[in-house]
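Note sheet for the following structure.
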Amino acid sequence: MERETTQEYTTVESIFIRRRNVLMVRGSFPPIYTDYYLHLMQHGLRNPELLDTTLKEAMAMLTLHLVARPWNETIAWTVNIRAPRINLFTTGSSLHEQITGRCFTENVRETDRNLLYSQTTVPDREARRSSLEVGGTDPLDWIEKLYQRSEQRPGRAFRLPDETFVLLAAQPDYDEKWFQAVDTHDLVRMEQVEESKLLETRRFRWNCGCTLQRILPALGSWREQPEELFQGESKVTIECPRCAAKFSITRDMI
């Protein structure tokens with residue numbers, strides 16, 4: 001229980017910078033990354049270093065974005081990267097304060113540009129979908145483009161030491177000159193030199209929520225044609241589409 005309450009969660013702070021009219025969202029992500037690596041070890045998974053870093057930073061950016069958005073949203077990003085040819089997926093929920101993700105490296109459709117697809121879901125409403133072109137493989141650039149083109153307000157993202165990340169989101173009547181001039185040195189001493197107010201603190205963790213009990217109902221259509229699923233084998237391995245967790249399915253389970 002001590003580990004669950006002190007280490008498993010990443011604390012994300014939402015801080016309003018007064019007089020500048022800017023929201024600063026800040027989080028230190030080692031707890032989420034630790035559980036992400038434990039998940040990979042548990043399921044015998046390993047991502048190449050570049051993809052691993054990109055996925056981790058995408059999860060960090062989405063977490064900060066969730067905190068900057070209304071509290072009842074679930075957001076999923078799928079990024080189709082041309083070179084290397086991969087799909088990177090991450091999704092998070094403000095309601096449940098959790099984040100997860102994975103990389104797809106096989107059977108990825110080739111495109112002529114890098115595209116980010118975003119889906120936002122709110123309870124009892126139809127999902128909202130959007131897409132935009134992103135230039136490279138840096139998730140910090142992705143979120144800045146997302147704010148510029150989809151959020152209709154500027155956003156800036158920063159890396160700080162110890163796997164800490166910051167998102168600045170402009171609010172109405174923000175100080176544009178100051179906003180564009182801020183650098184990492186300014187962020188470190190922001191609360192000492194600027195009038196600010198802590199609006200809220202949230203605790204996010206790595207968690208997909210997938211279980212064998214949730215996976216099995218999706219296989220119900222194979223009940224009348226098991227041979228097409230098992231191909232003569234006594235069991236098959238099914239991957240979770242959200243986190244790549246592996247589940248062994250036997251015929252009697254179907």
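Chain identifiers are assigned as A, B, and so on, following the order in which chains appear in the structure tokens; residues are numbered from 1 within each chain, and ligands are numbered from 1 in order of appearance.
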
Taking a cut-off of 6 Å and counting only C-alpha atoms, can you build a table that, for each residue of stretch 107-187 of chain A near stretch 17-41 of chain A, reports the nearest atom pair and how far apart they are in Å (one decimal), sorted by chain then residue number, as a tab-separated table?
residue	atom	partner	partner_atom	distance
A:Glu163	CA	A:Phe29	CA	5.7
A:Thr164	CA	A:Ser28	CA	4.1
A:Phe165	CA	A:Gly27	CA	5.7
A:Val166	CA	A:Arg26	CA	4.5
A:Leu167	CA	A:Val25	CA	5.1
A:Leu168	CA	A:Met24	CA	4.7
A:Ala169	CA	A:Leu23	CA	5.1
A:Ala170	CA	A:Val22	CA	4.8
A:Gln171	CA	A:Val22	CA	5.4
A:Tyr174	CA	A:Asn21	CA	4.5
A:Asp175	CA	A:Arg20	CA	5.0

List as a PDB file with N, CA and C atoms, in the first residue's frame the protein and nucleic acid residues near stretch 206-221 of chain A, meaning an atom at most 6 Å away when only C-alpha atoms are counted, but skip any in the same chain fewer than 3 places from it.
ATOM      1  N   ILE A  32       5.090   6.936 -13.534  1.00  0.00           N
ATOM      2  CA  ILE A  32       4.377   6.349 -14.667  1.00  0.00           C
ATOM      3  C   ILE A  32       5.327   5.519 -15.516  1.00  0.00           C
ATOM      4  N   GLN A  98      -5.688   8.109 -15.502  1.00  0.00           N
ATOM      5  CA  GLN A  98      -4.798   7.046 -15.931  1.00  0.00           C
ATOM      6  C   GLN A  98      -4.383   7.273 -17.375  1.00  0.00           C
ATOM      7  N   ILE A  99      -3.250   6.669 -17.731  1.00  0.00           N
ATOM      8  CA  ILE A  99      -2.662   6.824 -19.065  1.00  0.00           C
ATOM      9  C   ILE A  99      -2.099   5.476 -19.488  1.00  0.00           C
ATOM     10  N   THR A 100      -2.137   5.194 -20.774  1.00  0.00           N
ATOM     11  CA  THR A 100      -1.534   3.970 -21.299  1.00  0.00           C
ATOM     12  C   THR A 100      -1.148   4.212 -22.753  1.00  0.00           C
TER      13      THR A 100
END

(request) Tell me which protein, DNA and RNA residues are within 9 Å of stretch 112-122 of chain A, counting only C-alpha atoms, leaving out same-chain ones fewer than 2 positions away, and put them as JSON, numbers by chain. (result) {"A": [72, 73, 74, 75, 76, 77, 78, 79, 80, 81, 82, 83, 110, 124, 125, 126, 127, 128, 129, 130, 131, 132, 133, 134, 135, 136, 137, 142, 146]}

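Residue nearest A:Leu51 within the list A:Gly101, A:Gly155, A:Pro70, A:Gly232: A:Gly101 [criterion: smallest interatomic distance, only C-alpha atoms].
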
(message) Give me, as a ChimeraX atom specification, the residues of stretch 94-157 of chain A that a backbone DSSP run labels strand (DSSP E).
(response) /A:98-104,114-121,128-134,155-157

(message) Given only C-alpha atoms as the basis, pick out the residue of A:Ser93, A:Ser234, A:Thr111, A:Ser248 nearest to A:Leu66.
(response) A:Ser93

(message) Which residue is closest to A:Asp141? Choose from A:Met61, A:Arg202, A:Glu194, A:Arg85 and count only C-alpha atoms.
(response)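 When distances to A:Asp141 are compared using only C-alpha atoms, the smallest one comes from A:Met61.
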
(message) With distances taken over only C-alpha atoms, which residue among A:Phe158, A:Glu200, A:Thr105, A:Val193 lies nearest A:Glu144?
(response) A:Phe158

(message) Please identify the helix (DSSP H, G or I) residues within stretch 22-127 of chain A (assignment by DSSP from backbone atoms) and present them as a PyMOL selection string.
(response) chain A and resi 30-42+49-68

(message) What's around A:Arg251 at 10 Å? Count only C-alpha atoms, leave out sequence neighbours fewer than 6 positions away in its own chain, and write the answer as a ChimeraX atom specification.
(response) /A:223,226-227,229-230,233-236

(message) Applying 8 Å and only C-alpha atoms, which residues near A:Ile238 remain after dropping the ones on its own chain fewer than 6 positions away? List them as a VMD selection string.
(response) chain A and resid 246 to 249

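Here the question is which of A:Gly44, A:Pro172, A:Gly92, A:Pro123 gets nearest to A:Arg205 using only C-alpha atoms, and that residue is A:Gly92.
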
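Among the candidates A:Glu106, A:Arg159, A:Thr91, A:Met59, the one nearest to A:Thr10 when counting only C-alpha atoms is A:Met59.
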